[in-house]
file start_35.txt (compact mmCIF, C-alpha atoms)
# COMPACT_ATOMS: atom_id res chain seq x y z
CA MET O 1 -91.10 0.30 39.73
CA ILE O 2 -90.65 3.91 40.76
CA ARG O 3 -87.16 3.06 41.84
CA ARG O 4 -86.35 1.59 38.44
CA PHE O 5 -87.74 4.62 36.79
CA LEU O 6 -85.62 6.86 38.99
CA GLN O 7 -82.56 4.77 38.31
CA ALA O 8 -83.16 5.03 34.59
CA GLY O 9 -83.55 8.77 35.04
CA VAL O 10 -80.27 9.04 36.87
CA VAL O 11 -78.50 7.02 34.21
CA ALA O 12 -79.99 9.23 31.51
CA LEU O 13 -78.92 12.32 33.41
CA LEU O 14 -75.40 10.99 33.80
CA LEU O 15 -75.24 10.22 30.09
CA MET O 16 -76.45 13.68 29.23
CA GLN O 17 -74.01 15.25 31.60
CA SER O 18 -71.10 13.27 30.29
CA VAL O 19 -71.22 14.86 26.87
CA ALA O 20 -72.47 18.19 28.17
CA LEU O 21 -70.33 21.27 27.94
CA ALA O 22 -68.05 22.57 30.64
CA ALA O 23 -69.57 25.19 32.88
CA THR O 24 -66.70 27.62 32.47
CA SER O 25 -65.86 28.97 29.05
CA PRO O 26 -62.90 27.26 27.39
CA ARG O 27 -59.59 29.02 26.75
CA SER O 28 -57.66 28.47 23.56
CA GLY O 29 -54.10 27.17 23.76
CA ILE O 30 -52.90 30.41 22.17
CA THR O 31 -53.86 32.35 25.32
CA TYR O 32 -51.33 30.26 27.27
CA ALA O 33 -48.56 30.88 24.74
CA GLY O 34 -45.83 33.47 25.05
CA ALA O 35 -46.01 36.86 23.34
CA ASP O 36 -43.61 35.74 20.58
CA VAL O 37 -45.79 32.76 19.63
CA ARG O 38 -48.97 34.82 19.79
CA ALA O 39 -47.43 37.44 17.51
CA LEU O 40 -46.38 34.75 15.00
CA GLN O 41 -49.87 33.29 14.85
CA ALA O 42 -51.56 36.67 14.53
CA ASP O 43 -49.53 37.86 11.53
CA ASP O 44 -50.37 36.00 8.31
CA PHE O 45 -47.12 37.12 6.74
CA ALA O 46 -45.05 35.74 9.64
CA ASN O 47 -47.17 32.68 10.49
CA PRO O 48 -45.21 29.73 9.03
CA GLY O 49 -48.42 27.66 8.89
CA MET O 50 -49.58 29.92 6.07
CA LEU O 51 -47.00 28.21 3.82
CA TRP O 52 -49.00 25.00 4.14
CA VAL O 53 -52.23 26.89 3.50
CA ALA O 54 -50.69 28.36 0.34
CA ARG O 55 -49.58 24.90 -0.83
CA GLY O 56 -53.07 23.63 -0.13
CA GLU O 57 -54.54 26.40 -2.23
CA LYS O 58 -52.44 25.26 -5.20
CA LEU O 59 -53.38 21.61 -4.69
CA TRP O 60 -57.04 22.56 -4.46
CA SER O 61 -57.12 23.35 -8.15
CA THR O 62 -54.55 20.79 -9.33
CA PRO O 63 -56.20 17.81 -11.06
CA ALA O 64 -55.32 14.41 -9.62
CA GLY O 65 -56.22 10.77 -10.14
CA ARG O 66 -57.63 8.82 -13.07
CA ASN O 67 -60.64 11.12 -13.34
CA ASN O 68 -58.30 14.06 -13.81
CA LYS O 69 -60.40 16.20 -11.49
CA ALA O 70 -59.29 18.78 -8.94
CA CYS O 71 -61.09 19.53 -5.69
CA ALA O 72 -62.15 22.75 -7.38
CA SER O 73 -63.84 20.79 -10.19
CA CYS O 74 -66.59 19.80 -7.75
CA HIS O 75 -66.34 22.37 -4.96
CA GLN O 76 -65.33 25.50 -6.93
CA GLU O 77 -64.21 28.32 -4.63
CA ALA O 78 -63.08 26.96 -1.27
CA ALA O 79 -63.67 30.36 0.29
CA SER O 80 -67.39 29.78 -0.01
CA SER O 81 -67.81 26.00 -0.35
CA MET O 82 -65.49 25.10 2.54
CA LYS O 83 -66.46 27.91 4.88
CA GLY O 84 -67.73 26.45 8.13
CA VAL O 85 -66.75 22.86 7.34
CA ALA O 86 -63.94 22.63 9.89
CA ALA O 87 -66.23 24.13 12.53
CA ARG O 88 -68.62 21.17 12.12
CA TYR O 89 -65.97 18.43 11.85
CA PRO O 90 -65.34 15.68 12.74
CA ARG O 91 -68.70 14.15 11.83
CA ILE O 92 -70.24 10.74 11.37
CA ASP O 93 -69.65 9.42 7.87
CA THR O 94 -73.06 8.18 6.78
CA ALA O 95 -71.47 5.54 4.53
CA THR O 96 -69.46 3.83 7.30
CA GLY O 97 -71.11 5.04 10.52
CA LYS O 98 -67.65 5.96 11.77
CA VAL O 99 -66.16 9.28 12.75
CA ILE O 100 -64.56 11.10 9.83
CA ASN O 101 -62.30 14.14 10.12
CA ILE O 102 -61.17 16.55 7.41
CA GLU O 103 -58.20 14.37 6.50
CA GLY O 104 -60.54 11.42 6.13
CA ARG O 105 -62.99 13.42 4.05
CA ILE O 106 -60.24 14.61 1.70
CA ASN O 107 -59.12 11.02 1.20
CA THR O 108 -62.68 9.81 0.63
CA CYS O 109 -63.07 12.45 -2.08
CA ARG O 110 -59.80 11.37 -3.64
CA GLU O 111 -60.82 7.74 -3.77
CA ARG O 112 -64.48 8.15 -4.74
CA ASN O 113 -64.44 11.25 -6.90
CA GLN O 114 -60.93 11.70 -8.22
CA ALA O 115 -60.04 7.99 -8.48
CA ALA O 116 -56.74 8.83 -6.82
CA ASP O 117 -54.80 7.03 -4.08
CA PRO O 118 -55.46 8.28 -0.54
CA LEU O 119 -52.79 10.57 0.85
CA GLN O 120 -50.64 9.41 3.74
CA TYR O 121 -51.36 10.95 7.14
CA GLU O 122 -48.75 13.66 7.82
CA SER O 123 -47.75 13.80 4.16
CA GLU O 124 -47.07 17.38 3.06
CA GLU O 125 -49.96 17.16 0.60
CA LEU O 126 -52.56 16.02 3.11
CA LEU O 127 -51.39 18.56 5.69
CA ALA O 128 -51.52 21.33 3.09
CA LEU O 129 -55.02 20.46 1.89
CA THR O 130 -56.30 20.00 5.45
CA ALA O 131 -54.80 23.31 6.54
CA TYR O 132 -56.29 25.03 3.50
CA VAL O 133 -59.77 23.61 4.06
CA ALA O 134 -59.74 24.30 7.81
CA HIS O 135 -58.39 27.81 7.24
CA GLN O 136 -61.62 28.70 5.40
CA SER O 137 -63.38 28.46 8.78
CA ARG O 138 -60.90 30.56 10.71
CA GLY O 139 -62.72 32.73 13.22
CA MET O 140 -65.90 30.66 13.13
CA PRO O 141 -67.18 29.09 16.35
CA VAL O 142 -66.51 25.36 16.80
CA ALA O 143 -69.99 23.86 16.61
CA VAL O 144 -70.05 20.08 16.91
CA VAL O 145 -73.50 19.13 18.13
CA ALA O 146 -74.18 15.94 20.08
CA ASP O 147 -76.80 13.74 18.45
CA ALA O 148 -77.90 10.12 18.42
CA ALA O 149 -75.41 9.18 15.71
CA ASN O 150 -72.27 10.63 17.26
CA ARG O 151 -73.16 10.03 20.91
CA PRO O 152 -71.47 6.61 21.25
CA HIS O 153 -68.30 8.08 19.77
CA LEU O 154 -68.45 11.12 22.02
CA GLU O 155 -68.85 8.78 24.99
CA ARG O 156 -65.89 6.71 23.88
CA GLY O 157 -63.79 9.84 23.34
CA ARG O 158 -64.70 11.03 26.80
CA GLU O 159 -63.75 7.66 28.29
CA ILE O 160 -60.34 7.90 26.68
CA TYR O 161 -59.96 11.46 27.95
CA TYR O 162 -60.53 10.33 31.53
CA ARG O 163 -58.54 7.08 31.29
CA ARG O 164 -55.18 6.89 33.01
CA GLN O 165 -52.58 5.22 30.84
CA GLY O 166 -48.93 4.58 30.25
CA GLN O 167 -46.04 4.11 32.63
CA MET O 168 -46.70 7.60 34.03
CA ASN O 169 -50.31 6.60 34.62
CA LEU O 170 -51.84 9.93 33.60
CA ALA O 171 -55.07 10.80 31.81
CA CYS O 172 -55.64 13.80 29.54
CA VAL O 173 -57.82 15.32 32.28
CA ASN O 174 -54.97 15.18 34.82
CA CYS O 175 -52.95 17.66 32.82
CA HIS O 176 -55.41 19.64 30.72
CA GLU O 177 -58.14 20.20 33.28
CA GLN O 178 -56.55 19.73 36.67
CA ASN O 179 -53.28 21.48 35.82
CA ALA O 180 -54.02 23.90 32.99
CA GLY O 181 -51.99 27.06 33.48
CA ARG O 182 -49.26 25.30 35.48
CA LYS O 183 -45.81 24.60 34.18
CA LEU O 184 -44.61 21.16 33.17
CA LEU O 185 -40.87 21.80 33.10
CA ALA O 186 -40.73 24.79 30.71
CA GLU O 187 -44.09 24.28 29.03
CA THR O 188 -47.31 25.91 30.21
CA ILE O 189 -50.06 23.30 30.11
CA SER O 190 -53.13 24.53 28.22
CA GLU O 191 -56.66 23.15 28.27
CA GLY O 192 -55.67 20.88 25.40
CA HIS O 193 -58.06 22.04 22.67
CA GLY O 194 -57.73 21.02 19.05
CA ASN O 195 -59.12 24.19 17.46
CA ALA O 196 -55.79 25.39 16.00
CA TYR O 197 -54.87 22.27 14.01
CA PRO O 198 -53.21 21.59 11.68
CA ALA O 199 -50.79 23.87 13.51
CA TYR O 200 -47.20 24.91 13.08
CA ARG O 201 -45.11 23.83 16.07
CA LEU O 202 -41.73 25.41 16.58
CA GLU O 203 -40.54 22.13 18.09
CA TRP O 204 -41.51 20.28 14.91
CA GLN O 205 -40.27 23.03 12.63
CA ALA O 206 -43.32 22.08 10.61
CA THR O 207 -47.06 22.01 10.47
CA GLY O 208 -48.59 18.86 11.93
CA SER O 209 -52.02 17.34 12.42
CA LEU O 210 -53.98 17.12 15.65
CA HIS O 211 -53.29 13.37 15.67
CA ARG O 212 -49.56 14.07 15.68
CA ARG O 213 -50.02 16.33 18.70
CA LEU O 214 -52.17 13.76 20.49
CA ARG O 215 -49.61 11.03 19.83
CA ALA O 216 -46.99 13.27 21.42
CA CYS O 217 -49.12 13.37 24.58
CA TYR O 218 -49.46 9.57 24.54
CA PHE O 219 -45.72 9.33 24.03
CA GLY O 220 -45.12 11.70 26.92
CA VAL O 221 -46.96 9.47 29.37
CA ARG O 222 -45.22 6.42 27.85
CA ALA O 223 -48.42 4.85 26.58
CA VAL O 224 -48.99 2.73 23.47
CA MET O 225 -49.61 5.23 20.69
CA PRO O 226 -52.70 4.71 18.52
CA ALA O 227 -52.08 4.95 14.77
CA PHE O 228 -52.75 8.14 12.82
CA GLY O 229 -56.39 8.14 11.74
CA SER O 230 -57.28 5.27 14.13
CA ASP O 231 -60.78 5.00 15.59
CA GLU O 232 -59.32 5.87 18.98
CA LEU O 233 -57.84 9.19 17.85
CA LEU O 234 -60.94 9.99 15.80
CA ASP O 235 -63.25 9.46 18.79
CA LEU O 236 -60.93 11.58 20.89
CA GLU O 237 -60.84 14.28 18.19
CA LEU O 238 -64.64 14.34 18.16
CA TYR O 239 -64.80 14.65 21.96
CA LEU O 240 -62.20 17.42 21.89
CA ALA O 241 -64.20 19.32 19.27
CA ARG O 242 -67.33 19.08 21.38
CA ARG O 243 -65.33 20.17 24.40
CA ALA O 244 -64.02 23.17 22.46
CA THR O 245 -67.51 24.60 21.90
CA GLY O 246 -67.17 28.34 22.53
CA LEU O 247 -63.76 28.60 20.85
CA THR O 248 -63.18 29.57 17.25
CA VAL O 249 -61.22 27.74 14.55
CA GLU O 250 -57.65 29.12 14.47
CA THR O 251 -56.03 27.11 11.68
CA PRO O 252 -53.16 27.52 11.07
CA GLY O 253 -52.26 27.91 14.75
CA VAL O 254 -48.71 28.41 15.97
CA ARG O 255 -47.50 26.58 19.05
CA ARG O 256 -44.23 25.97 20.80
CA MET X 1 -39.98 19.44 27.58
CA ARG X 2 -38.01 18.55 24.55
CA ARG X 3 -36.91 15.41 26.38
CA PHE X 4 -40.44 14.62 27.52
CA TYR X 5 -41.97 14.92 24.10
CA ARG X 6 -39.13 13.62 22.01
CA ASN X 7 -41.03 13.21 18.87
CA ALA X 8 -38.65 12.02 16.28
CA ARG X 9 -38.23 8.63 14.72
CA ARG X 10 -38.40 6.77 18.03
CA THR X 11 -42.08 7.55 18.06
CA TRP X 12 -42.46 5.38 15.02
CA CYS X 13 -40.69 2.31 16.34
CA ILE X 14 -42.60 2.40 19.59
CA ALA X 15 -45.88 2.65 17.70
CA ALA X 16 -44.92 -0.28 15.52
CA PHE X 17 -43.88 -2.41 18.48
CA GLY X 18 -46.95 -1.37 20.43
CA ALA X 19 -49.24 -2.78 17.79
CA VAL X 20 -47.45 -6.14 17.71
CA ALA X 21 -47.20 -6.37 21.47
CA GLY X 22 -50.90 -5.88 22.17
CA CYS X 23 -51.20 -9.45 23.44
CA ALA X 24 -48.18 -9.22 25.72
CA ALA X 25 -50.25 -6.80 27.83
CA LEU X 26 -52.36 -9.74 29.01
CA VAL X 27 -49.42 -11.40 30.73
CA PRO X 28 -49.08 -9.84 34.18
CA PRO X 29 -45.64 -8.30 34.76
CA GLU X 30 -43.07 -10.01 37.00
CA PRO X 31 -43.78 -8.77 40.52
CA LEU X 32 -41.17 -6.50 42.06
CA PRO X 33 -39.30 -7.68 45.17
CA ALA X 34 -41.61 -7.27 48.17
CA PHE X 35 -41.41 -4.33 50.55
CA THR X 36 -43.49 -3.50 53.60
CA VAL X 37 -45.59 -0.39 53.96
CA ALA X 38 -46.13 0.72 57.56
CA GLY X 39 -48.53 3.62 57.93
CA ASP X 40 -47.41 6.31 55.48
CA ALA X 41 -43.90 4.93 55.13
CA ILE X 42 -41.64 2.13 53.92
CA PRO X 43 -39.22 1.76 56.86
CA VAL X 44 -36.80 -0.76 55.34
CA PRO X 45 -34.68 0.37 52.35
CA LEU X 46 -35.36 -1.46 49.08
CA VAL X 47 -31.70 -2.44 48.70
CA GLN X 48 -28.88 -3.01 51.16
CA ALA X 49 -26.40 -0.55 49.69
CA ALA X 50 -26.95 2.94 51.08
CA GLY X 51 -28.45 5.56 48.79
CA ASP X 52 -26.07 8.06 47.19
CA SER X 53 -27.46 11.59 47.25
CA ALA X 54 -25.27 12.91 44.42
CA ARG X 55 -26.48 10.11 42.18
CA GLY X 56 -30.01 10.77 43.38
CA ARG X 57 -29.73 14.41 42.33
CA THR X 58 -28.76 13.26 38.83
CA VAL X 59 -31.65 10.78 38.71
CA MET X 60 -34.12 13.53 39.69
CA ALA X 61 -33.26 15.62 36.64
CA GLY X 62 -32.71 12.67 34.32
CA ARG X 63 -35.15 11.58 31.66
CA ASP X 64 -36.32 8.41 33.44
CA ALA X 65 -37.58 10.12 36.57
CA ASN X 66 -38.13 13.64 35.26
CA CYS X 67 -39.12 14.87 38.73
CA LEU X 68 -38.45 18.45 37.63
CA LEU X 69 -41.30 18.22 35.13
CA CYS X 70 -43.55 18.89 38.11
CA HIS X 71 -41.38 19.86 41.12
CA ALA X 72 -38.88 22.62 41.78
CA ILE X 73 -35.81 21.93 43.91
CA PRO X 74 -34.17 24.75 45.88
CA GLU X 75 -30.69 24.91 44.37
CA SER X 76 -30.03 26.98 41.30
CA GLY X 77 -28.48 25.63 38.12
CA GLU X 78 -31.65 24.17 36.63
CA ARG X 79 -33.07 26.29 33.87
CA PHE X 80 -36.52 24.82 33.88
CA MET X 81 -38.60 23.34 36.67
CA GLY X 82 -42.33 22.72 36.74
CA ASN X 83 -44.93 23.85 39.26
CA VAL X 84 -47.57 21.17 38.85
CA ALA X 85 -46.47 19.86 42.27
CA PRO X 86 -45.30 21.47 45.52
CA PRO X 87 -41.64 22.60 45.58
CA LEU X 88 -39.40 20.10 47.32
CA SER X 89 -37.39 22.58 49.38
CA GLY X 90 -37.41 21.56 53.03
CA VAL X 91 -38.96 18.17 52.28
CA GLY X 92 -36.08 16.37 54.03
CA ALA X 93 -36.94 18.17 57.26
CA ARG X 94 -40.66 17.53 56.94
CA LEU X 95 -40.50 13.85 56.05
CA SER X 96 -38.34 10.94 57.20
CA SER X 97 -36.46 8.68 54.79
CA ALA X 98 -39.10 6.04 55.33
CA GLN X 99 -41.89 8.49 54.44
CA LEU X 100 -40.01 9.83 51.43
CA ARG X 101 -39.48 6.25 50.21
CA LEU X 102 -43.21 5.53 50.04
CA ARG X 103 -43.86 8.83 48.26
CA VAL X 104 -41.34 8.00 45.56
CA VAL X 105 -42.30 4.31 45.37
CA ASP X 106 -46.05 4.82 45.12
CA GLN X 107 -47.65 8.14 46.04
CA SER X 108 -51.01 6.78 44.87
CA ARG X 109 -51.22 4.74 48.09
CA LEU X 110 -51.48 8.03 49.98
CA ASN X 111 -53.60 9.86 47.44
CA ARG X 112 -55.61 7.79 44.98
CA ASP X 113 -56.08 10.78 42.69
CA THR X 114 -52.50 11.96 42.65
CA VAL X 115 -50.87 12.94 39.37
CA MET X 116 -47.48 11.87 40.65
CA PRO X 117 -46.37 8.68 38.89
CA SER X 118 -45.53 5.64 41.01
CA TYR X 119 -41.83 5.19 40.44
CA TYR X 120 -41.49 1.65 41.75
CA ARG X 121 -44.59 -0.19 40.68
CA VAL X 122 -45.55 -2.36 37.71
CA ASN X 123 -49.09 -3.47 38.52
CA GLY X 124 -52.34 -1.69 37.84
CA LEU X 125 -50.97 0.22 34.85
CA THR X 126 -52.65 0.06 31.46
CA ARG X 127 -51.53 0.58 27.88
CA VAL X 128 -47.89 0.99 28.82
CA ALA X 129 -45.68 1.40 25.74
CA GLU X 130 -43.72 -1.72 24.90
CA ALA X 131 -40.34 -0.20 25.77
CA TYR X 132 -41.45 0.42 29.36
CA ARG X 133 -43.81 -2.48 29.94
CA GLY X 134 -43.27 -4.54 33.07
CA LYS X 135 -40.49 -2.25 34.29
CA PRO X 136 -40.71 0.20 37.17
CA ILE X 137 -39.71 3.77 36.25
CA LEU X 138 -36.77 3.61 38.66
CA THR X 139 -34.70 0.72 39.94
CA ALA X 140 -34.69 -0.02 43.67
CA GLN X 141 -31.20 1.48 43.88
CA GLN X 142 -32.30 4.66 42.10
CA VAL X 143 -35.21 5.02 44.54
CA GLU X 144 -32.75 4.81 47.44
CA ASP X 145 -30.48 7.38 45.76
CA VAL X 146 -33.38 9.78 45.28
CA VAL X 147 -34.48 9.32 48.90
CA ALA X 148 -30.92 10.06 50.03
CA TYR X 149 -30.95 13.27 47.99
CA LEU X 150 -34.40 14.35 49.24
CA GLN X 151 -33.11 13.87 52.81
CA THR X 152 -30.52 16.60 52.13
CA LEU X 153 -33.27 19.15 51.32
CA ARG X 154 -33.64 20.64 54.78
call {"tool": "encode", "arguments": {"input": "start_35.txt", "output": "C-alpha cells"}}
result
Amino acid sequence: MIRRFLQAGVVALLLMQSVALAATSPRSGITYAGADVRALQADDFANPGMLWVARGEKLWSTPAGRNNKACASCHQEAASSMKGVAARYPRIDTATGKVINIEGRINTCRERNQAADPLQYESEELLALTAYVAHQSRGMPVAVVADAANRPHLERGREIYYRRQGQMNLACVNCHEQNAGRKLLAETISEGHGNAYPAYRLEWQATGSLHRRLRACYFGVRAVMPAFGSDELLDLELYLARRATGLTVETPGVRR
Amino acid sequence: MRRFYRNARRTWCIAAFGAVAGCAALVPPEPLPAFTVAGDAIPVPLVQAAGDSARGRTVMAGRDANCLLCHAIPESGERFMGNVAPPLSGVGARLSSAQLRLRVVDQSRLNRDTVMPSYYRVNGLTRVAEAYRGKPILTAQQVEDVVAYLQTLR
C-alpha cells in the first residue's frame, strides 16, 4: 500500500519534472549569432523581417472573404489588441482540444469570422500576418503555462524532443542541449528556441515560420518531415515555447 | 551547412514520399552482410578490395558522410569544420584499422549515448526519410576507404 503510494508519488514527480523548466536560464539564438546578424536584427530599418511585418500591417486592415471584414473590423488596433498574444501562444483551442498556434488562429478567424479561405502555410500573406501579430509582443516574456489541458501535448512535444530519429539517429536534445555553443561545420548550434519566429533567414532570403525551421532540422537528420501545421509540429512548438520561458519574443528575428 | 540543410524543393518531394511510405517503415530493412565485432574492433575488412585513402578523404568531406560537420581533420584546405566531436588528428596512431572500422561502422556499440551516426547500420533507426530508408549511410567500400584515410592521420 505504502509502496504503491510512493510509486504513484514518484510517477507524479517525474511527470511534473518532465514539463518543468530548465534550471539554467535559456539563451536566445541571437546571442549565438555573429555581430553582423545581431546588428541586422537590432535595427528595424535594416531588419529584412520588418518588410513582412509591414505587409502584415496592411493586410490587417484589408477586408477579405464573403463577410467583407478585415482583422481590424473585430480587433481594431493590433498594437493593443494583439499585445501579449504571441507570448501566450501556442494554446489549446477550446473548440477542438488541439494545440493552435498564431497561424492556426489567423486561419480560424478567416474561416469563422471573415468567411474566407484559410491561407496556405508559408504563403506570403500568412507569414506577413503572423509576423505582424507576433511583432506586437516583441520584448514581452514568453509565458506559456503548463495546465491540465495542455499537459498531454507538452508531454508529447517533450517526447519528440528527446526522440532519436532519421538516418543520422539524432534527437533535438543531442544538438540543442548537449552541443549548444559548438560548431556544426560553419554553424554555431544554439539552444534551439522558437522565440524569434517568424524569422528572416539569410539562407532562405526570406522570412519563414518556425515549422519551416523545424522541418529543416528534421531534414538535416534525414528523418521523415511532418507536414506544416501537423499535430507533431504543433506539440513540439508548444514544448519549445514552454522551454523558452525566461526569453522574450523577438519577432521578426534574423538568423543565418 | 548549406549542404546539410538544403532546403529547397527537394524538401517537398521527400515530405510527400514520406507520407505515402509510412507503412513501408514496418517492413524491416534487408540486413547488411555480417561482420564480426571483437572487443572494440572489427578485425576483418568489410570488403576484399583494400581501402583507398584518397577516396576516403573525399568521402569524409562529401555530403553522404559529412564527417566534417562534427570533426576537424589536421590538413588545411577545408574552410569549415565542426567541433562537436574530438579532432581526428593523430587518430591513426591512437587506433588500429580494426578499431577505426568499428567506430565508423557503429560508434553506438562503444557509447550508447554517442551523437556520432552509425555509418554502416540499418537496424534500430526510426522515422528515416524515404530516400535513405533501409540503406546504410556509407557502403562497405566507402567505410574501408575512410578507415584507410584515418590510418594516415598519425
call {"tool": "closest_residue", "arguments": {"input": "start_35.txt", "among": "X:Asp52, X:Glu30, X:Asp113, X:Glu75", "to": "chain O", "atoms": "all atoms listed in the file"}}
result
X:Asp113
call {"tool": "interface_residues", "arguments": {"input": "start_35.txt", "of": "chain O", "to": "chain X", "cutoff": "7 Å", "atoms": "all atoms listed in the file", "output": "JSON, numbers by chain"}}
result
{"O": [165, 166, 167, 168, 169, 170, 174, 179, 182, 183, 184, 185, 186, 187, 216, 219, 220, 222, 223, 224, 225]}
call {"tool": "axis_aligned_box", "arguments": {"input": "start_35.txt", "around": "stretch 53-69 of chain X", "padding_each_side": "4 Å", "output": "JSON"}}
result
{"center_x": -33.3, "center_y": 13.4, "center_z": 39.5, "size_x": 24.0, "size_y": 18.0, "size_z": 23.6}
call {"tool": "residues_around", "arguments": {"input": "start_35.txt", "residues": "X:Leu150", "least_positions_apart": "5", "cutoff": "8 Å", "atoms": "all atoms listed in the file", "output": "list of chain:residue names"}}
result
X:Ser53, X:Leu88, X:Val91, X:Gly92, X:Leu100
call {"tool": "residues_around", "arguments": {"input": "start_35.txt", "residues": "stretch 142-148 of chain X", "least_positions_apart": "2", "cutoff": "8 Å", "atoms": "all atoms listed in the file", "output": "ChimeraX atom specification"}}
result
/X:45-47,50-57,59-60,97,100-101,104-105,119-120,138-140,150-152
call {"tool": "atom_distance", "arguments": {"input": "start_35.txt", "atom1": "atom CA of O:Leu214", "atom2": "atom CA of O:Ser230"}}
result
11.8 Å
call {"tool": "residues_around", "arguments": {"input": "start_35.txt", "residues": "O:Tyr162", "least_positions_apart": "5", "cutoff": "7 Å", "atoms": "all atoms listed in the file", "output": "VMD selection string"}}
result
chain O and resid 171 to 173
call {"tool": "residues_near_point", "arguments": {"input": "start_35.txt", "point": "(-67.0, 28.5, 23.1)", "cutoff": "8 Å", "atoms": "all atoms listed in the file", "output": "list in words"}}
result
Ser25, Pro26, Pro141, Val142, Ala244, Thr245, Gly246, Leu247 and Thr248 of chain O
call {"tool": "write_last_selection", "arguments": {"input": "start_35.txt", "atoms": "C-alpha atoms", "output": "tab-separated table (two decimals), in the coordinates of the input"}}
result
chain	number	residue	atom	x	y	z
O	25	SER	CA	-65.86	28.97	29.05
O	26	PRO	CA	-62.90	27.26	27.39
O	141	PRO	CA	-67.18	29.09	16.35
O	142	VAL	CA	-66.51	25.36	16.80
O	244	ALA	CA	-64.02	23.17	22.46
O	245	THR	CA	-67.51	24.60	21.90
O	246	GLY	CA	-67.17	28.34	22.53
O	247	LEU	CA	-63.76	28.60	20.85
O	248	THR	CA	-63.18	29.57	17.25
call {"tool": "atom_distance", "arguments": {"input": "start_35.txt", "atom1": "atom CA of O:Pro118", "atom2": "atom CA of O:Arg105"}}
result
10.2 Å
call {"tool": "residues_around", "arguments": {"input": "start_35.txt", "residues": "O:Val99", "least_positions_apart": "5", "cutoff": "12 Å", "atoms": "all atoms listed in the file", "output": "ChimeraX atom specification"}}
result
/O:89-94,104-105,149-154,156-157,229-239
call {"tool": "atom_distance", "arguments": {"input": "start_35.txt", "atom1": "atom CA of O:Glu57", "atom2": "atom CA of O:Ser209"}}
result
17.4 Å
call {"tool": "residues_near_point", "arguments": {"input": "start_35.txt", "point": "(-51.5, 24.2, 16.9)", "cutoff": "6 Å", "atoms": "only C-alpha atoms", "output": "VMD selection string"}}
result
chain O and resid 196 to 197 199 to 200 253 to 255
call {"tool": "closest_residue", "arguments": {"input": "start_35.txt", "among": "X:Arg154, X:Asn123, X:Arg112, X:Ala61", "to": "X:Leu95", "atoms": "only C-alpha atoms"}}
result
X:Arg154
call {"tool": "closest_residue", "arguments": {"input": "start_35.txt", "among": "O:Gln41, O:Gln205, O:Ser123, O:Gln114", "to": "O:Asn67", "atoms": "only C-alpha atoms"}}
result
O:Gln114
call {"tool": "residues_around", "arguments": {"input": "start_35.txt", "residues": "O:Pro48", "least_positions_apart": "3", "cutoff": "12 Å", "atoms": "all atoms listed in the file", "output": "PyMOL selection string"}}
result
chain O and resi 37+39-45+51-55+131+198-202+204-208+251-255
